[in-house]
Amino acid sequence: MVEQELPTRRAAGRPRAGVDVREALVTAALNQLLSSGSFESVTVAAIVAEAGCTPPSLYNYWPTREQLLKEASLRGWG
């Protein structure tokens, strides 16, 4: 039997090396706002899934989802 090497996978909740987590979260939040068209329908789960991290990463930078969404929407207007 020939052993097959499995591809390496990144650890769950950890962005790839060199990725700016804060930037990834803002970009993901803005993308979610643009695609949903509604502030209320954007969830933390959707943001962190797109950014490739976990909710604690988000809350490390913003105490609330609303603060992140406000920053993302300001960027969208900028």
# chains A, B, ... in the order shown; residues from 1 in each chain; ligands from 1
call {"tool": "residues_around", "arguments": {"residues": "A:Ala24", "least_positions_apart": "6", "cutoff": "9 Å", "atoms": "only C-alpha atoms", "output": "PDB file with N, CA, C and O atoms, in the first residue's frame"}}
result
ATOM      1  N   PRO A  15      -6.338  32.912   9.668  1.00  0.00           N
ATOM      2  CA  PRO A  15      -6.070  33.317   8.285  1.00  0.00           C
ATOM      3  C   PRO A  15      -4.668  32.893   7.857  1.00  0.00           C
ATOM      4  O   PRO A  15      -3.800  32.628   8.682  1.00  0.00           O
ATOM      5  N   VAL A  48     -17.079  36.487   9.638  1.00  0.00           N
ATOM      6  CA  VAL A  48     -15.874  35.724   9.989  1.00  0.00           C
ATOM      7  C   VAL A  48     -15.649  34.563   9.028  1.00  0.00           C
ATOM      8  O   VAL A  48     -14.504  34.196   8.763  1.00  0.00           O
ATOM      9  N   GLU A  50     -16.276  34.611   5.791  1.00  0.00           N
ATOM     10  CA  GLU A  50     -15.650  35.197   4.603  1.00  0.00           C
ATOM     11  C   GLU A  50     -14.214  35.632   4.882  1.00  0.00           C
ATOM     12  O   GLU A  50     -13.343  35.490   4.034  1.00  0.00           O
ATOM     13  N   ALA A  51     -13.974  36.153   6.073  1.00  0.00           N
ATOM     14  CA  ALA A  51     -12.631  36.630   6.427  1.00  0.00           C
ATOM     15  C   ALA A  51     -11.686  35.485   6.784  1.00  0.00           C
ATOM     16  O   ALA A  51     -10.472  35.666   6.802  1.00  0.00           O
ATOM     17  N   GLY A  52     -12.232  34.313   7.091  1.00  0.00           N
ATOM     18  CA  GLY A  52     -11.400  33.160   7.436  1.00  0.00           C
ATOM     19  C   GLY A  52     -10.871  33.208   8.854  1.00  0.00           C
ATOM     20  O   GLY A  52      -9.741  32.823   9.111  1.00  0.00           O
TER      21      GLY A  52
END
call {"tool": "residues_around", "arguments": {"residues": "stretch 44-47 of chain A", "least_positions_apart": "4", "cutoff": "10 Å", "atoms": "only C-alpha atoms", "output": "list of chain:residue names"}}
result
A:Ala24, A:Leu25, A:Val26, A:Thr27, A:Ala28, A:Ala29, A:Leu30, A:Asn31, A:Gln32, A:Leu33, A:Ala51, A:Gly52, A:Cys53, A:Thr54, A:Pro55, A:Leu58, A:Tyr59, A:Thr64, A:Arg65, A:Glu66, A:Leu68, A:Leu69
call {"tool": "decode", "arguments": {"residues": "stretch 20-64 of chain A", "atoms": "N, CA and C atoms", "output": "PDB file, in the first residue's frame"}}
result
ATOM      1  N   ASP A  20      -3.715  40.419   6.851  1.00  0.00           N
ATOM      2  CA  ASP A  20      -4.094  41.424   7.841  1.00  0.00           C
ATOM      3  C   ASP A  20      -5.531  41.107   8.278  1.00  0.00           C
ATOM      4  N   VAL A  21      -5.683  40.551   9.460  1.00  0.00           N
ATOM      5  CA  VAL A  21      -6.990  40.092   9.934  1.00  0.00           C
ATOM      6  C   VAL A  21      -7.981  41.242  10.023  1.00  0.00           C
ATOM      7  N   ARG A  22      -7.538  42.372  10.543  1.00  0.00           N
ATOM      8  CA  ARG A  22      -8.442  43.523  10.683  1.00  0.00           C
ATOM      9  C   ARG A  22      -8.956  43.954   9.308  1.00  0.00           C
ATOM     10  N   GLU A  23      -8.060  44.042   8.354  1.00  0.00           N
ATOM     11  CA  GLU A  23      -8.439  44.434   6.989  1.00  0.00           C
ATOM     12  C   GLU A  23      -9.378  43.403   6.366  1.00  0.00           C
ATOM     13  N   ALA A  24      -9.085  42.132   6.592  1.00  0.00           N
ATOM     14  CA  ALA A  24      -9.938  41.069   6.055  1.00  0.00           C
ATOM     15  C   ALA A  24     -11.346  41.156   6.630  1.00  0.00           C
ATOM     16  N   LEU A  25     -11.458  41.485   7.904  1.00  0.00           N
ATOM     17  CA  LEU A  25     -12.771  41.609   8.542  1.00  0.00           C
ATOM     18  C   LEU A  25     -13.550  42.809   8.002  1.00  0.00           C
ATOM     19  N   VAL A  26     -12.876  43.945   7.833  1.00  0.00           N
ATOM     20  CA  VAL A  26     -13.565  45.132   7.298  1.00  0.00           C
ATOM     21  C   VAL A  26     -14.026  44.865   5.867  1.00  0.00           C
ATOM     22  N   THR A  27     -13.166  44.264   5.074  1.00  0.00           N
ATOM     23  CA  THR A  27     -13.526  43.954   3.687  1.00  0.00           C
ATOM     24  C   THR A  27     -14.692  42.977   3.630  1.00  0.00           C
ATOM     25  N   ALA A  28     -14.649  41.953   4.465  1.00  0.00           N
ATOM     26  CA  ALA A  28     -15.748  40.976   4.500  1.00  0.00           C
ATOM     27  C   ALA A  28     -17.050  41.636   4.941  1.00  0.00           C
ATOM     28  N   ALA A  29     -16.978  42.503   5.935  1.00  0.00           N
ATOM     29  CA  ALA A  29     -18.182  43.198   6.402  1.00  0.00           C
ATOM     30  C   ALA A  29     -18.758  44.072   5.298  1.00  0.00           C
ATOM     31  N   LEU A  30     -17.893  44.793   4.589  1.00  0.00           N
ATOM     32  CA  LEU A  30     -18.368  45.636   3.491  1.00  0.00           C
ATOM     33  C   LEU A  30     -18.989  44.787   2.386  1.00  0.00           C
ATOM     34  N   ASN A  31     -18.351  43.676   2.051  1.00  0.00           N
ATOM     35  CA  ASN A  31     -18.921  42.776   1.041  1.00  0.00           C
ATOM     36  C   ASN A  31     -20.294  42.270   1.461  1.00  0.00           C
ATOM     37  N   GLN A  32     -20.421  41.905   2.726  1.00  0.00           N
ATOM     38  CA  GLN A  32     -21.706  41.419   3.233  1.00  0.00           C
ATOM     39  C   GLN A  32     -22.772  42.511   3.185  1.00  0.00           C
ATOM     40  N   LEU A  33     -22.387  43.734   3.540  1.00  0.00           N
ATOM     41  CA  LEU A  33     -23.332  44.855   3.466  1.00  0.00           C
ATOM     42  C   LEU A  33     -23.789  45.085   2.031  1.00  0.00           C
ATOM     43  N   LEU A  34     -22.850  45.079   1.111  1.00  0.00           N
ATOM     44  CA  LEU A  34     -23.187  45.325  -0.289  1.00  0.00           C
ATOM     45  C   LEU A  34     -24.055  44.216  -0.874  1.00  0.00           C
ATOM     46  N   SER A  35     -23.760  42.976  -0.535  1.00  0.00           N
ATOM     47  CA  SER A  35     -24.523  41.864  -1.114  1.00  0.00           C
ATOM     48  C   SER A  35     -25.904  41.706  -0.482  1.00  0.00           C
ATOM     49  N   SER A  36     -26.019  42.035   0.806  1.00  0.00           N
ATOM     50  CA  SER A  36     -27.313  41.854   1.465  1.00  0.00           C
ATOM     51  C   SER A  36     -28.205  43.079   1.326  1.00  0.00           C
ATOM     52  N   GLY A  37     -27.570  44.248   1.280  1.00  0.00           N
ATOM     53  CA  GLY A  37     -28.340  45.484   1.186  1.00  0.00           C
ATOM     54  C   GLY A  37     -29.033  45.866   2.477  1.00  0.00           C
ATOM     55  N   SER A  38     -28.732  45.142   3.551  1.00  0.00           N
ATOM     56  CA  SER A  38     -29.408  45.392   4.820  1.00  0.00           C
ATOM     57  C   SER A  38     -28.448  45.204   5.986  1.00  0.00           C
ATOM     58  N   PHE A  39     -28.348  46.226   6.795  1.00  0.00           N
ATOM     59  CA  PHE A  39     -27.504  46.208   7.987  1.00  0.00           C
ATOM     60  C   PHE A  39     -27.912  45.061   8.916  1.00  0.00           C
ATOM     61  N   GLU A  40     -29.220  44.855   9.057  1.00  0.00           N
ATOM     62  CA  GLU A  40     -29.734  43.856   9.990  1.00  0.00           C
ATOM     63  C   GLU A  40     -29.432  42.421   9.567  1.00  0.00           C
ATOM     64  N   SER A  41     -29.293  42.193   8.265  1.00  0.00           N
ATOM     65  CA  SER A  41     -29.114  40.813   7.815  1.00  0.00           C
ATOM     66  C   SER A  41     -27.650  40.353   7.815  1.00  0.00           C
ATOM     67  N   VAL A  42     -26.720  41.251   8.075  1.00  0.00           N
ATOM     68  CA  VAL A  42     -25.300  40.876   8.118  1.00  0.00           C
ATOM     69  C   VAL A  42     -24.993  40.295   9.492  1.00  0.00           C
ATOM     70  N   THR A  43     -24.483  39.074   9.500  1.00  0.00           N
ATOM     71  CA  THR A  43     -24.201  38.398  10.764  1.00  0.00           C
ATOM     72  C   THR A  43     -22.702  38.273  11.004  1.00  0.00           C
ATOM     73  N   VAL A  44     -22.350  38.137  12.261  1.00  0.00           N
ATOM     74  CA  VAL A  44     -20.960  37.896  12.631  1.00  0.00           C
ATOM     75  C   VAL A  44     -20.479  36.609  11.974  1.00  0.00           C
ATOM     76  N   ALA A  45     -21.318  35.595  11.964  1.00  0.00           N
ATOM     77  CA  ALA A  45     -20.944  34.308  11.362  1.00  0.00           C
ATOM     78  C   ALA A  45     -20.570  34.466   9.893  1.00  0.00           C
ATOM     79  N   ALA A  46     -21.340  35.234   9.153  1.00  0.00           N
ATOM     80  CA  ALA A  46     -21.052  35.440   7.728  1.00  0.00           C
ATOM     81  C   ALA A  46     -19.758  36.226   7.535  1.00  0.00           C
ATOM     82  N   ILE A  47     -19.538  37.222   8.366  1.00  0.00           N
ATOM     83  CA  ILE A  47     -18.332  38.049   8.258  1.00  0.00           C
ATOM     84  C   ILE A  47     -17.087  37.213   8.525  1.00  0.00           C
ATOM     85  N   VAL A  48     -17.079  36.487   9.638  1.00  0.00           N
ATOM     86  CA  VAL A  48     -15.874  35.724   9.989  1.00  0.00           C
ATOM     87  C   VAL A  48     -15.649  34.563   9.028  1.00  0.00           C
ATOM     88  N   ALA A  49     -16.717  33.991   8.488  1.00  0.00           N
ATOM     89  CA  ALA A  49     -16.556  32.915   7.503  1.00  0.00           C
ATOM     90  C   ALA A  49     -15.865  33.449   6.254  1.00  0.00           C
ATOM     91  N   GLU A  50     -16.276  34.611   5.791  1.00  0.00           N
ATOM     92  CA  GLU A  50     -15.650  35.197   4.603  1.00  0.00           C
ATOM     93  C   GLU A  50     -14.214  35.632   4.882  1.00  0.00           C
ATOM     94  N   ALA A  51     -13.974  36.153   6.073  1.00  0.00           N
ATOM     95  CA  ALA A  51     -12.631  36.630   6.427  1.00  0.00           C
ATOM     96  C   ALA A  51     -11.686  35.485   6.784  1.00  0.00           C
ATOM     97  N   GLY A  52     -12.232  34.313   7.091  1.00  0.00           N
ATOM     98  CA  GLY A  52     -11.400  33.160   7.436  1.00  0.00           C
ATOM     99  C   GLY A  52     -10.871  33.208   8.854  1.00  0.00           C
ATOM    100  N   CYS A  53     -11.686  33.706   9.767  1.00  0.00           N
ATOM    101  CA  CYS A  53     -11.257  33.748  11.167  1.00  0.00           C
ATOM    102  C   CYS A  53     -12.429  33.380  12.072  1.00  0.00           C
ATOM    103  N   THR A  54     -12.349  33.691  13.338  1.00  0.00           N
ATOM    104  CA  THR A  54     -13.386  33.331  14.301  1.00  0.00           C
ATOM    105  C   THR A  54     -13.951  34.591  14.965  1.00  0.00           C
ATOM    106  N   PRO A  55     -15.114  34.480  15.601  1.00  0.00           N
ATOM    107  CA  PRO A  55     -15.703  35.649  16.265  1.00  0.00           C
ATOM    108  C   PRO A  55     -14.773  36.352  17.264  1.00  0.00           C
ATOM    109  N   PRO A  56     -13.983  35.635  18.062  1.00  0.00           N
ATOM    110  CA  PRO A  56     -13.086  36.366  18.965  1.00  0.00           C
ATOM    111  C   PRO A  56     -12.117  37.300  18.235  1.00  0.00           C
ATOM    112  N   SER A  57     -11.726  36.926  17.018  1.00  0.00           N
ATOM    113  CA  SER A  57     -10.862  37.811  16.235  1.00  0.00           C
ATOM    114  C   SER A  57     -11.573  39.128  15.935  1.00  0.00           C
ATOM    115  N   LEU A  58     -12.839  39.026  15.571  1.00  0.00           N
ATOM    116  CA  LEU A  58     -13.628  40.228  15.291  1.00  0.00           C
ATOM    117  C   LEU A  58     -13.729  41.088  16.539  1.00  0.00           C
ATOM    118  N   TYR A  59     -14.080  40.455  17.652  1.00  0.00           N
ATOM    119  CA  TYR A  59     -14.282  41.209  18.896  1.00  0.00           C
ATOM    120  C   TYR A  59     -12.972  41.715  19.497  1.00  0.00           C
ATOM    121  N   ASN A  60     -11.834  41.221  19.002  1.00  0.00           N
ATOM    122  CA  ASN A  60     -10.547  41.757  19.416  1.00  0.00           C
ATOM    123  C   ASN A  60     -10.380  43.198  18.916  1.00  0.00           C
ATOM    124  N   TYR A  61     -10.975  43.497  17.764  1.00  0.00           N
ATOM    125  CA  TYR A  61     -10.848  44.823  17.163  1.00  0.00           C
ATOM    126  C   TYR A  61     -12.052  45.729  17.421  1.00  0.00           C
ATOM    127  N   TRP A  62     -13.245  45.157  17.479  1.00  0.00           N
ATOM    128  CA  TRP A  62     -14.473  45.927  17.680  1.00  0.00           C
ATOM    129  C   TRP A  62     -15.299  45.259  18.773  1.00  0.00           C
ATOM    130  N   PRO A  63     -15.738  46.022  19.766  1.00  0.00           N
ATOM    131  CA  PRO A  63     -16.534  45.417  20.844  1.00  0.00           C
ATOM    132  C   PRO A  63     -17.918  44.942  20.396  1.00  0.00           C
ATOM    133  N   THR A  64     -18.419  45.507  19.295  1.00  0.00           N
ATOM    134  CA  THR A  64     -19.741  45.113  18.808  1.00  0.00           C
ATOM    135  C   THR A  64     -19.732  44.958  17.291  1.00  0.00           C
TER     136      THR A  64
END
